[in-house]
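Beneath this line is the structure, given in structure tokens, with notes to follow.
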Amino acid sequence: MSERIETVVLDSQGMSAWLSQDRDVLAVIRSFHAMAAELVIGANTVVEVSHARMNTARLNWVLSQVRIEPVTGHAARASAALLKQAGLHGHKYAIDATVAEMALRKPGPVAVLTSDIDDMAKLCGSQVRLIAI
């Protein structure tokens, strides 16, 4: 990864891959650590990746490595505006929109680690680098 990234936002798939210790994602995370990029997730992403079989110790360790951002009323309204602009419905894309909104307001350059490149591109435009997992 040659371009300097200041902030990396992880969606639920990015977090899930990190939690499950996917080798490719671990390598990407290491490269972001090496460039001192801030790793960020939304509070709702914590909820989205949680399930009954989750290794709680692993989850807590990974969460200690990231900044957890709240989804405020202002962020929710901005996320709704992104959905409208992209022609997407909140019922299906609500959390994606909050991830995109967070990425768009972070200091750049910003990357989003996601498995949902097409929808995130609709929400983020060209302002955020999308990294497929």
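A note on labels: chains of the structure tokens are A, B, ... as shown, every chain counts residues from 1, and ligands are counted from 1 in their shown order.
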
Segment 94-97 of chain A surroundings by only C-alpha atoms, 12 Å radius, close-in-sequence under 3 positions cut, as a VMD selection string
chain A and resid 9 to 13 41 to 49 71 75 to 91 100 to 104 112 to 124

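With only C-alpha atoms as the atoms that count, the minimum distance from Ala34 of chain A to the choices A:Ile68, A:Leu63, A:Ile5, A:Met15 is reached by A:Ile5.
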
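The shortest atom-to-atom distance to Leu130 of chain A, with only C-alpha atoms taken into account, belongs to A:Val110 out of A:Leu19, A:Val110, A:Val62, A:Leu39.
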
What are the DSSP alpha helix (DSSP H) residues of segment 11-63 of chain A, as a CSV table (one decimal) with N, CA and C atoms, in the first residue's frame?
```csv
chain,number,residue,atom,x,y,z
A,12,SER,N,-18.8,-3.8,8.8
A,12,SER,CA,-19.0,-5.0,9.6
A,12,SER,C,-18.2,-6.2,9.0
A,13,GLN,N,-18.1,-6.3,7.6
A,13,GLN,CA,-17.3,-7.3,7.0
A,13,GLN,C,-15.8,-7.2,7.3
A,14,GLY,N,-15.4,-5.9,7.3
A,14,GLY,CA,-14.0,-5.7,7.6
A,14,GLY,C,-13.7,-6.1,9.0
A,15,MET,N,-14.6,-5.7,10.0
A,15,MET,CA,-14.4,-6.1,11.4
A,15,MET,C,-14.5,-7.6,11.5
A,16,SER,N,-15.4,-8.2,10.9
A,16,SER,CA,-15.6,-9.7,11.0
A,16,SER,C,-14.4,-10.4,10.5
A,17,ALA,N,-13.8,-9.9,9.4
A,17,ALA,CA,-12.6,-10.6,8.9
A,17,ALA,C,-11.4,-10.4,9.8
A,18,TRP,N,-11.3,-9.2,10.4
A,18,TRP,CA,-10.3,-9.0,11.4
A,18,TRP,C,-10.5,-9.9,12.6
A,19,LEU,N,-11.7,-10.0,13.1
A,19,LEU,CA,-12.0,-10.8,14.2
A,19,LEU,C,-11.8,-12.3,14.0
A,23,ARG,N,-6.1,-13.8,7.0
A,23,ARG,CA,-4.7,-13.5,6.8
A,23,ARG,C,-4.6,-12.2,5.9
A,24,ASP,N,-5.4,-12.1,4.9
A,24,ASP,CA,-5.3,-10.9,4.0
A,24,ASP,C,-5.7,-9.7,4.8
A,25,VAL,N,-6.7,-9.7,5.5
A,25,VAL,CA,-7.2,-8.6,6.3
A,25,VAL,C,-6.1,-8.2,7.4
A,26,LEU,N,-5.6,-9.2,8.0
A,26,LEU,CA,-4.5,-9.0,9.1
A,26,LEU,C,-3.3,-8.3,8.4
A,27,ALA,N,-3.0,-8.6,7.2
A,27,ALA,CA,-1.8,-8.0,6.5
A,27,ALA,C,-2.2,-6.5,6.2
A,28,VAL,N,-3.4,-6.3,5.8
A,28,VAL,CA,-3.8,-4.9,5.5
A,28,VAL,C,-3.8,-4.1,6.8
A,29,ILE,N,-4.4,-4.6,7.9
A,29,ILE,CA,-4.4,-3.9,9.2
A,29,ILE,C,-3.0,-3.6,9.6
A,30,ARG,N,-2.1,-4.6,9.5
A,30,ARG,CA,-0.6,-4.3,9.8
A,30,ARG,C,-0.1,-3.2,9.0
A,31,SER,N,-0.4,-3.1,7.7
A,31,SER,CA,0.2,-2.0,6.9
A,31,SER,C,-0.4,-0.7,7.3
A,32,PHE,N,-1.7,-0.7,7.8
A,32,PHE,CA,-2.2,0.6,8.3
A,32,PHE,C,-1.6,1.0,9.6
A,33,HIS,N,-1.3,0.0,10.5
A,33,HIS,CA,-0.6,0.3,11.7
A,33,HIS,C,0.7,0.9,11.4
A,34,ALA,N,1.4,0.3,10.4
A,34,ALA,CA,2.8,0.8,10.1
A,34,ALA,C,2.8,2.3,9.6
A,43,ALA,N,-20.3,2.7,16.3
A,43,ALA,CA,-20.9,2.0,17.4
A,43,ALA,C,-21.8,0.9,16.9
A,44,ASN,N,-22.6,1.2,15.9
A,44,ASN,CA,-23.6,0.2,15.4
A,44,ASN,C,-22.9,-1.0,14.7
A,45,THR,N,-21.6,-0.8,14.3
A,45,THR,CA,-20.9,-1.9,13.7
A,45,THR,C,-20.5,-2.9,14.8
A,46,VAL,N,-20.3,-2.5,16.0
A,46,VAL,CA,-20.1,-3.4,17.1
A,46,VAL,C,-21.3,-4.3,17.3
A,47,VAL,N,-22.4,-3.7,17.2
A,47,VAL,CA,-23.7,-4.5,17.4
A,47,VAL,C,-23.8,-5.5,16.2
A,48,GLU,N,-23.5,-5.0,15.0
A,48,GLU,CA,-23.7,-5.8,13.8
A,48,GLU,C,-22.8,-7.0,13.7
A,49,VAL,N,-21.6,-6.9,14.3
A,49,VAL,CA,-20.7,-8.1,14.2
A,49,VAL,C,-20.8,-9.0,15.4
A,56,THR,N,-15.5,-13.4,23.0
A,56,THR,CA,-15.6,-12.1,23.6
A,56,THR,C,-14.2,-11.5,23.9
A,57,ALA,N,-13.2,-12.3,24.3
A,57,ALA,CA,-11.9,-11.8,24.5
A,57,ALA,C,-11.3,-11.2,23.2
A,58,ARG,N,-11.5,-11.9,22.1
A,58,ARG,CA,-11.0,-11.5,20.8
A,58,ARG,C,-11.7,-10.2,20.4
A,59,LEU,N,-13.0,-10.1,20.6
A,59,LEU,CA,-13.7,-8.9,20.3
A,59,LEU,C,-13.2,-7.7,21.1
A,60,ASN,N,-13.0,-7.9,22.4
A,60,ASN,CA,-12.6,-6.8,23.2
A,60,ASN,C,-11.2,-6.4,22.8
A,61,TRP,N,-10.3,-7.3,22.5
A,61,TRP,CA,-8.9,-6.9,22.0
A,61,TRP,C,-9.0,-6.1,20.7
A,62,VAL,N,-9.8,-6.6,19.8
A,62,VAL,CA,-9.9,-5.8,18.5
A,62,VAL,C,-10.5,-4.4,18.8
A,63,LEU,N,-11.5,-4.4,19.6
A,63,LEU,CA,-12.1,-3.1,19.9
A,63,LEU,C,-11.1,-2.1,20.6
```

Report the residues of chain A whose backbone DSSP state falls under strand (DSSP E or B), written as a ChimeraX atom specification.
/A:7-10,38-42,67-69,110-114,129-132
